[in-house]
Amino acid sequence: MRCLFYKDIMYKLTRIRGNTYTVTVNGTDTGIYRFGRRTAVLIDSGYYENEDFIDFLKKEGIEPAAVIQTHLHIDHIGYNDLLRGEFDCDIYAPEVEIEHELDREYDFPYDIRVNPNEGFIDISGQKFEIVSIPGHSEGHQAVVTPDGVCFLGDALMSEDILNQTKMPYHFEMGRTLKSMAKIREMDYEVYVLSHRGCLTGEELVKAVDANLAKEKDFSRRIRKLNNKKISDDKLAMIFMKEIRISKEKMDLDWVYETAMARVKEYRR
């Protein structure tokens, strides 16, 4: 592990396996696969923008040829514009993810290249496996480095983060549950979650089961609160109060959206 300080930010380059590393960038664990003399592929690029991260990459001798996105939420794409400007690297994401985020009126100030929904993508002779695991977002995907390290993005939460989170964000619960079941059957060397989680296969199964248990509890609560006379909207509000979401957070669009996703799936 190597640590470099820039102003008030500490970046830690941590080797996971072989040529695969992670560095936490404003709360998001970004993957770095290094090959050749200086070349690298990043998996996601962290939250916000700060020139210090670019300085860190240069100090470490890392020149990104590409960024492969697990998905296009703001805490995973923060440095893309700076990386494009500094290194002229390509940005990859699934077509459905790109289209969905554009439909939500999110503007990308750079071109995004389309990667396959499943299969492999070749970047400078290095093959990265793409596995579709939608639900957290419309086109969420896992990215597996040539070392067999599987980056799962936000499809799953580690048990410690799950215990701190009242209601994890997912866009569509039916596909989220199917993706969690798919993840449970994966067979890679190591798994990296985007927010504080590097797991072995055994730990992954426990994490999946913990995530599913939380959703089972949400389903039980919603069914108990359900009344055919009330709308989905009203039930979502009652559900959020039931799990003690603050009024301030209930007013946030993304919090309401994920509560509604659960109501639509679990009240049936």
# chains A, B, ... in the order shown; residues from 1 in each chain; ligands from 1

$ residues_around --residues "Leu212 of chain A" --least-positions-apart "2" --cutoff "10 Å" --atoms "only C-alpha atoms" --output "PDB file with N, CA and C atoms, in the first residue's frame"
ATOM      1  N   LEU A 156     -24.396  -4.062  -4.740  1.00  0.00           N
ATOM      2  CA  LEU A 156     -24.418  -4.726  -3.441  1.00  0.00           C
ATOM      3  C   LEU A 156     -23.744  -3.803  -2.436  1.00  0.00           C
ATOM      4  N   THR A 176     -33.013  -5.790  -9.494  1.00  0.00           N
ATOM      5  CA  THR A 176     -32.010  -5.784  -8.429  1.00  0.00           C
ATOM      6  C   THR A 176     -31.949  -7.140  -7.742  1.00  0.00           C
ATOM      7  N   LEU A 177     -33.094  -7.698  -7.411  1.00  0.00           N
ATOM      8  CA  LEU A 177     -33.132  -8.991  -6.715  1.00  0.00           C
ATOM      9  C   LEU A 177     -32.575 -10.104  -7.599  1.00  0.00           C
ATOM     10  N   MET A 180     -28.795  -9.702  -7.658  1.00  0.00           N
ATOM     11  CA  MET A 180     -28.177 -10.191  -6.426  1.00  0.00           C
ATOM     12  C   MET A 180     -28.055 -11.715  -6.438  1.00  0.00           C
ATOM     13  N   ALA A 181     -29.089 -12.383  -6.939  1.00  0.00           N
ATOM     14  CA  ALA A 181     -29.033 -13.849  -7.047  1.00  0.00           C
ATOM     15  C   ALA A 181     -27.940 -14.271  -8.026  1.00  0.00           C
ATOM     16  N   LYS A 206     -22.210 -14.026   2.077  1.00  0.00           N
ATOM     17  CA  LYS A 206     -22.770 -13.447   3.295  1.00  0.00           C
ATOM     18  C   LYS A 206     -23.331 -12.054   3.032  1.00  0.00           C
ATOM     19  N   ALA A 207     -22.617 -11.275   2.228  1.00  0.00           N
ATOM     20  CA  ALA A 207     -23.080  -9.925   1.908  1.00  0.00           C
ATOM     21  C   ALA A 207     -24.363  -9.960   1.087  1.00  0.00           C
ATOM     22  N   VAL A 208     -24.423 -10.869   0.100  1.00  0.00           N
ATOM     23  CA  VAL A 208     -25.646 -11.009  -0.692  1.00  0.00           C
ATOM     24  C   VAL A 208     -26.817 -11.376   0.213  1.00  0.00           C
ATOM     25  N   ASP A 209     -26.612 -12.336   1.078  1.00  0.00           N
ATOM     26  CA  ASP A 209     -27.677 -12.777   1.972  1.00  0.00           C
ATOM     27  C   ASP A 209     -28.136 -11.646   2.893  1.00  0.00           C
ATOM     28  N   ALA A 210     -27.195 -10.813   3.348  1.00  0.00           N
ATOM     29  CA  ALA A 210     -27.550  -9.684   4.202  1.00  0.00           C
ATOM     30  C   ALA A 210     -28.375  -8.656   3.433  1.00  0.00           C
ATOM     31  N   LYS A 214     -32.401  -7.678   4.141  1.00  0.00           N
ATOM     32  CA  LYS A 214     -32.912  -6.324   4.335  1.00  0.00           C
ATOM     33  C   LYS A 214     -34.109  -6.073   3.420  1.00  0.00           C
ATOM     34  N   GLU A 215     -34.004  -6.560   2.174  1.00  0.00           N
ATOM     35  CA  GLU A 215     -35.118  -6.381   1.239  1.00  0.00           C
ATOM     36  C   GLU A 215     -36.328  -7.214   1.668  1.00  0.00           C
ATOM     37  N   LYS A 216     -36.079  -8.382   2.233  1.00  0.00           N
ATOM     38  CA  LYS A 216     -37.180  -9.206   2.725  1.00  0.00           C
ATOM     39  C   LYS A 216     -37.919  -8.487   3.847  1.00  0.00           C
ATOM     40  N   ASP A 217     -37.172  -7.801   4.705  1.00  0.00           N
ATOM     41  CA  ASP A 217     -37.792  -7.019   5.781  1.00  0.00           C
ATOM     42  C   ASP A 217     -38.604  -5.864   5.207  1.00  0.00           C
ATOM     43  N   PHE A 218     -38.059  -5.181   4.195  1.00  0.00           N
ATOM     44  CA  PHE A 218     -38.799  -4.098   3.554  1.00  0.00           C
ATOM     45  C   PHE A 218     -40.093  -4.614   2.928  1.00  0.00           C
TER      46      PHE A 218
END

$ residues_around --residues "Leu83 of chain A" --least-positions-apart "4" --cutoff "10 Å" --atoms "only C-alpha atoms" --output "PDB file with N, CA and C atoms, in the first residue's frame"
ATOM      1  N   SER A  45     -14.501   6.574 -11.667  1.00  0.00           N
ATOM      2  CA  SER A  45     -13.502   7.629 -11.451  1.00  0.00           C
ATOM      3  C   SER A  45     -13.782   8.495 -10.228  1.00  0.00           C
ATOM      4  N   GLU A  49     -14.676  16.660  -8.675  1.00  0.00           N
ATOM      5  CA  GLU A  49     -13.439  16.855  -9.422  1.00  0.00           C
ATOM      6  C   GLU A  49     -12.450  17.613  -8.555  1.00  0.00           C
ATOM      7  N   GLU A  51      -8.126  18.624  -8.917  1.00  0.00           N
ATOM      8  CA  GLU A  51      -6.875  18.451  -9.655  1.00  0.00           C
ATOM      9  C   GLU A  51      -5.896  17.541  -8.908  1.00  0.00           C
ATOM     10  N   PHE A  53      -6.232  14.648  -7.633  1.00  0.00           N
ATOM     11  CA  PHE A  53      -6.263  13.250  -8.051  1.00  0.00           C
ATOM     12  C   PHE A  53      -5.457  13.054  -9.336  1.00  0.00           C
ATOM     13  N   ILE A  54      -5.524  14.005 -10.236  1.00  0.00           N
ATOM     14  CA  ILE A  54      -4.716  13.947 -11.454  1.00  0.00           C
ATOM     15  C   ILE A  54      -3.233  13.990 -11.081  1.00  0.00           C
ATOM     16  N   GLU A  63      -1.073   6.434 -16.378  1.00  0.00           N
ATOM     17  CA  GLU A  63      -1.677   7.160 -17.494  1.00  0.00           C
ATOM     18  C   GLU A  63      -2.879   6.366 -17.998  1.00  0.00           C
ATOM     19  N   PRO A  64      -4.084   6.726 -17.575  1.00  0.00           N
ATOM     20  CA  PRO A  64      -5.279   5.966 -17.970  1.00  0.00           C
ATOM     21  C   PRO A  64      -5.519   5.988 -19.476  1.00  0.00           C
ATOM     22  N   ALA A  65      -5.675   4.792 -20.042  1.00  0.00           N
ATOM     23  CA  ALA A  65      -6.064   4.678 -21.444  1.00  0.00           C
ATOM     24  C   ALA A  65      -7.580   4.686 -21.582  1.00  0.00           C
ATOM     25  N   ALA A  66      -8.273   4.301 -20.490  1.00  0.00           N
ATOM     26  CA  ALA A  66      -9.728   4.216 -20.531  1.00  0.00           C
ATOM     27  C   ALA A  66     -10.289   4.181 -19.115  1.00  0.00           C
ATOM     28  N   VAL A  67     -11.559   4.539 -19.015  1.00  0.00           N
ATOM     29  CA  VAL A  67     -12.343   4.350 -17.794  1.00  0.00           C
ATOM     30  C   VAL A  67     -13.546   3.497 -18.177  1.00  0.00           C
ATOM     31  N   GLY A  78     -17.129  11.385 -11.489  1.00  0.00           N
ATOM     32  CA  GLY A  78     -16.725  12.744 -11.167  1.00  0.00           C
ATOM     33  C   GLY A  78     -15.498  13.257 -11.890  1.00  0.00           C
ATOM     34  N   TYR A  79     -14.519  12.383 -12.134  1.00  0.00           N
ATOM     35  CA  TYR A  79     -13.262  12.837 -12.730  1.00  0.00           C
ATOM     36  C   TYR A  79     -13.179  12.599 -14.232  1.00  0.00           C
ATOM     37  N   PHE A  87      -5.536  13.046 -20.208  1.00  0.00           N
ATOM     38  CA  PHE A  87      -4.960  11.822 -20.765  1.00  0.00           C
ATOM     39  C   PHE A  87      -5.600  11.389 -22.091  1.00  0.00           C
ATOM     40  N   ASP A  88      -6.650  12.068 -22.514  1.00  0.00           N
ATOM     41  CA  ASP A  88      -7.374  11.713 -23.738  1.00  0.00           C
ATOM     42  C   ASP A  88      -7.838  10.256 -23.702  1.00  0.00           C
ATOM     43  N   CYS A  89      -8.292   9.814 -22.530  1.00  0.00           N
ATOM     44  CA  CYS A  89      -8.711   8.418 -22.379  1.00  0.00           C
ATOM     45  C   CYS A  89     -10.164   8.240 -22.807  1.00  0.00           C
ATOM     46  N   ASP A  90     -10.515   7.014 -23.191  1.00  0.00           N
ATOM     47  CA  ASP A  90     -11.884   6.689 -23.572  1.00  0.00           C
ATOM     48  C   ASP A  90     -12.713   6.383 -22.330  1.00  0.00           C
ATOM     49  N   ILE A  91     -14.015   6.664 -22.421  1.00  0.00           N
ATOM     50  CA  ILE A  91     -14.965   6.340 -21.354  1.00  0.00           C
ATOM     51  C   ILE A  91     -15.941   5.306 -21.914  1.00  0.00           C
TER      52      ILE A  91
END

$ closest_residue --among "A:Tyr266, A:Tyr188, A:Phe171, A:Phe35" --to "Lys224 of chain A" --atoms "only C-alpha atoms"
A:Tyr266

$ closest_residue --among "A:Leu13, A:Ile245, A:Ala236, A:Leu102" --to "Glu60 of chain A" --atoms "only C-alpha atoms"
A:Leu13

$ closest_residue --among "A:Glu185, A:Asp55, A:Asp253, A:Asp122" --to "Val41 of chain A" --atoms "only C-alpha atoms"
A:Asp122

$ atom_distance --atom1 "atom CA of Arg220 of chain A" --atom2 "atom CA of Val205 of chain A"
22.3 Å

$ residues_around --residues "segment 159-168 of chain A" --least-positions-apart "4" --cutoff "8 Å" --atoms "only C-alpha atoms" --output "VMD selection string"
chain A and resid 195 to 196 207 210 to 211 243 to 245 258 to 259

$ atom_distance --atom1 "atom CA of Glu257 of chain A" --atom2 "atom CA of Glu99 of chain A"
18.6 Å

$ select_by_dssp --residues "segment 129-252 of chain A" --states "strand (DSSP E or B)" --output "list in words"
Glu129, Ile130, Val131, Ser132, Gln141, Ala142, Val143, Val144, Val149, Cys150, Phe151, Leu152, Gly153, Val190, Tyr191, Val192, Leu193, Gly197, Cys198 and Leu199 of chain A

$ decode --residues "segment 42-63 of chain A" --atoms "N, CA, C and O atoms" --output "PDB file, in the first residue's frame"
ATOM      1  N   LEU A  42      -8.989   2.483 -15.634  1.00  0.00           N
ATOM      2  CA  LEU A  42      -9.709   2.767 -14.408  1.00  0.00           C
ATOM      3  C   LEU A  42     -11.104   2.176 -14.474  1.00  0.00           C
ATOM      4  O   LEU A  42     -11.707   2.103 -15.561  1.00  0.00           O
ATOM      5  N   ILE A  43     -11.604   1.755 -13.337  1.00  0.00           N
ATOM      6  CA  ILE A  43     -12.993   1.317 -13.238  1.00  0.00           C
ATOM      7  C   ILE A  43     -13.693   2.310 -12.339  1.00  0.00           C
ATOM      8  O   ILE A  43     -13.443   2.377 -11.134  1.00  0.00           O
ATOM      9  N   ASP A  44     -14.533   3.142 -12.956  1.00  0.00           N
ATOM     10  CA  ASP A  44     -15.143   4.320 -12.335  1.00  0.00           C
ATOM     11  C   ASP A  44     -14.062   5.365 -12.044  1.00  0.00           C
ATOM     12  O   ASP A  44     -12.863   5.085 -12.154  1.00  0.00           O
ATOM     13  N   SER A  45     -14.501   6.574 -11.667  1.00  0.00           N
ATOM     14  CA  SER A  45     -13.502   7.629 -11.451  1.00  0.00           C
ATOM     15  C   SER A  45     -13.782   8.495 -10.228  1.00  0.00           C
ATOM     16  O   SER A  45     -13.189   9.560 -10.082  1.00  0.00           O
ATOM     17  N   GLY A  46     -14.674   8.049  -9.349  1.00  0.00           N
ATOM     18  CA  GLY A  46     -14.860   8.764  -8.096  1.00  0.00           C
ATOM     19  C   GLY A  46     -15.834   9.918  -8.160  1.00  0.00           C
ATOM     20  O   GLY A  46     -16.503  10.147  -9.171  1.00  0.00           O
ATOM     21  N   TYR A  47     -15.893  10.636  -7.060  1.00  0.00           N
ATOM     22  CA  TYR A  47     -16.884  11.690  -6.845  1.00  0.00           C
ATOM     23  C   TYR A  47     -16.235  13.070  -6.976  1.00  0.00           C
ATOM     24  O   TYR A  47     -15.110  13.281  -6.528  1.00  0.00           O
ATOM     25  N   TYR A  48     -16.955  14.021  -7.580  1.00  0.00           N
ATOM     26  CA  TYR A  48     -16.489  15.393  -7.741  1.00  0.00           C
ATOM     27  C   TYR A  48     -15.224  15.449  -8.588  1.00  0.00           C
ATOM     28  O   TYR A  48     -14.757  14.454  -9.120  1.00  0.00           O
ATOM     29  N   GLU A  49     -14.676  16.660  -8.675  1.00  0.00           N
ATOM     30  CA  GLU A  49     -13.439  16.855  -9.422  1.00  0.00           C
ATOM     31  C   GLU A  49     -12.450  17.613  -8.555  1.00  0.00           C
ATOM     32  O   GLU A  49     -12.812  18.563  -7.866  1.00  0.00           O
ATOM     33  N   ASN A  50     -11.209  17.194  -8.605  1.00  0.00           N
ATOM     34  CA  ASN A  50     -10.152  17.868  -7.864  1.00  0.00           C
ATOM     35  C   ASN A  50      -8.845  17.585  -8.580  1.00  0.00           C
ATOM     36  O   ASN A  50      -8.516  16.430  -8.823  1.00  0.00           O
ATOM     37  N   GLU A  51      -8.126  18.624  -8.917  1.00  0.00           N
ATOM     38  CA  GLU A  51      -6.875  18.451  -9.655  1.00  0.00           C
ATOM     39  C   GLU A  51      -5.896  17.541  -8.908  1.00  0.00           C
ATOM     40  O   GLU A  51      -5.023  16.920  -9.507  1.00  0.00           O
ATOM     41  N   ASP A  52      -6.048  17.436  -7.580  1.00  0.00           N
ATOM     42  CA  ASP A  52      -5.111  16.641  -6.793  1.00  0.00           C
ATOM     43  C   ASP A  52      -5.093  15.178  -7.220  1.00  0.00           C
ATOM     44  O   ASP A  52      -4.049  14.524  -7.148  1.00  0.00           O
ATOM     45  N   PHE A  53      -6.232  14.648  -7.633  1.00  0.00           N
ATOM     46  CA  PHE A  53      -6.263  13.250  -8.051  1.00  0.00           C
ATOM     47  C   PHE A  53      -5.457  13.054  -9.336  1.00  0.00           C
ATOM     48  O   PHE A  53      -4.775  12.037  -9.506  1.00  0.00           O
ATOM     49  N   ILE A  54      -5.524  14.005 -10.236  1.00  0.00           N
ATOM     50  CA  ILE A  54      -4.716  13.947 -11.454  1.00  0.00           C
ATOM     51  C   ILE A  54      -3.233  13.990 -11.081  1.00  0.00           C
ATOM     52  O   ILE A  54      -2.415  13.234 -11.625  1.00  0.00           O
ATOM     53  N   ASP A  55      -2.881  14.841 -10.127  1.00  0.00           N
ATOM     54  CA  ASP A  55      -1.491  14.910  -9.655  1.00  0.00           C
ATOM     55  C   ASP A  55      -1.056  13.576  -9.057  1.00  0.00           C
ATOM     56  O   ASP A  55       0.088  13.132  -9.254  1.00  0.00           O
ATOM     57  N   PHE A  56      -1.952  12.942  -8.313  1.00  0.00           N
ATOM     58  CA  PHE A  56      -1.663  11.652  -7.714  1.00  0.00           C
ATOM     59  C   PHE A  56      -1.355  10.607  -8.787  1.00  0.00           C
ATOM     60  O   PHE A  56      -0.382   9.858  -8.690  1.00  0.00           O
ATOM     61  N   LEU A  57      -2.188  10.543  -9.821  1.00  0.00           N
ATOM     62  CA  LEU A  57      -1.964   9.578 -10.897  1.00  0.00           C
ATOM     63  C   LEU A  57      -0.617   9.821 -11.575  1.00  0.00           C
ATOM     64  O   LEU A  57       0.136   8.869 -11.847  1.00  0.00           O
ATOM     65  N   LYS A  58      -0.296  11.076 -11.828  1.00  0.00           N
ATOM     66  CA  LYS A  58       0.986  11.393 -12.469  1.00  0.00           C
ATOM     67  C   LYS A  58       2.153  10.999 -11.576  1.00  0.00           C
ATOM     68  O   LYS A  58       3.149  10.447 -12.049  1.00  0.00           O
ATOM     69  N   LYS A  59       2.027  11.277 -10.275  1.00  0.00           N
ATOM     70  CA  LYS A  59       3.091  10.932  -9.331  1.00  0.00           C
ATOM     71  C   LYS A  59       3.324   9.421  -9.296  1.00  0.00           C
ATOM     72  O   LYS A  59       4.462   8.955  -9.175  1.00  0.00           O
ATOM     73  N   GLU A  60       2.247   8.650  -9.436  1.00  0.00           N
ATOM     74  CA  GLU A  60       2.336   7.190  -9.414  1.00  0.00           C
ATOM     75  C   GLU A  60       2.724   6.618 -10.776  1.00  0.00           C
ATOM     76  O   GLU A  60       2.881   5.407 -10.925  1.00  0.00           O
ATOM     77  N   GLY A  61       2.867   7.476 -11.773  1.00  0.00           N
ATOM     78  CA  GLY A  61       3.211   6.990 -13.106  1.00  0.00           C
ATOM     79  C   GLY A  61       2.071   6.272 -13.788  1.00  0.00           C
ATOM     80  O   GLY A  61       2.286   5.314 -14.541  1.00  0.00           O
ATOM     81  N   ILE A  62       0.841   6.727 -13.535  1.00  0.00           N
ATOM     82  CA  ILE A  62      -0.353   6.085 -14.094  1.00  0.00           C
ATOM     83  C   ILE A  62      -0.951   6.983 -15.168  1.00  0.00           C
ATOM     84  O   ILE A  62      -1.279   8.145 -14.916  1.00  0.00           O
ATOM     85  N   GLU A  63      -1.073   6.434 -16.378  1.00  0.00           N
ATOM     86  CA  GLU A  63      -1.677   7.160 -17.494  1.00  0.00           C
ATOM     87  C   GLU A  63      -2.879   6.366 -17.998  1.00  0.00           C
ATOM     88  O   GLU A  63      -2.722   5.397 -18.750  1.00  0.00           O
TER      89      GLU A  63
END
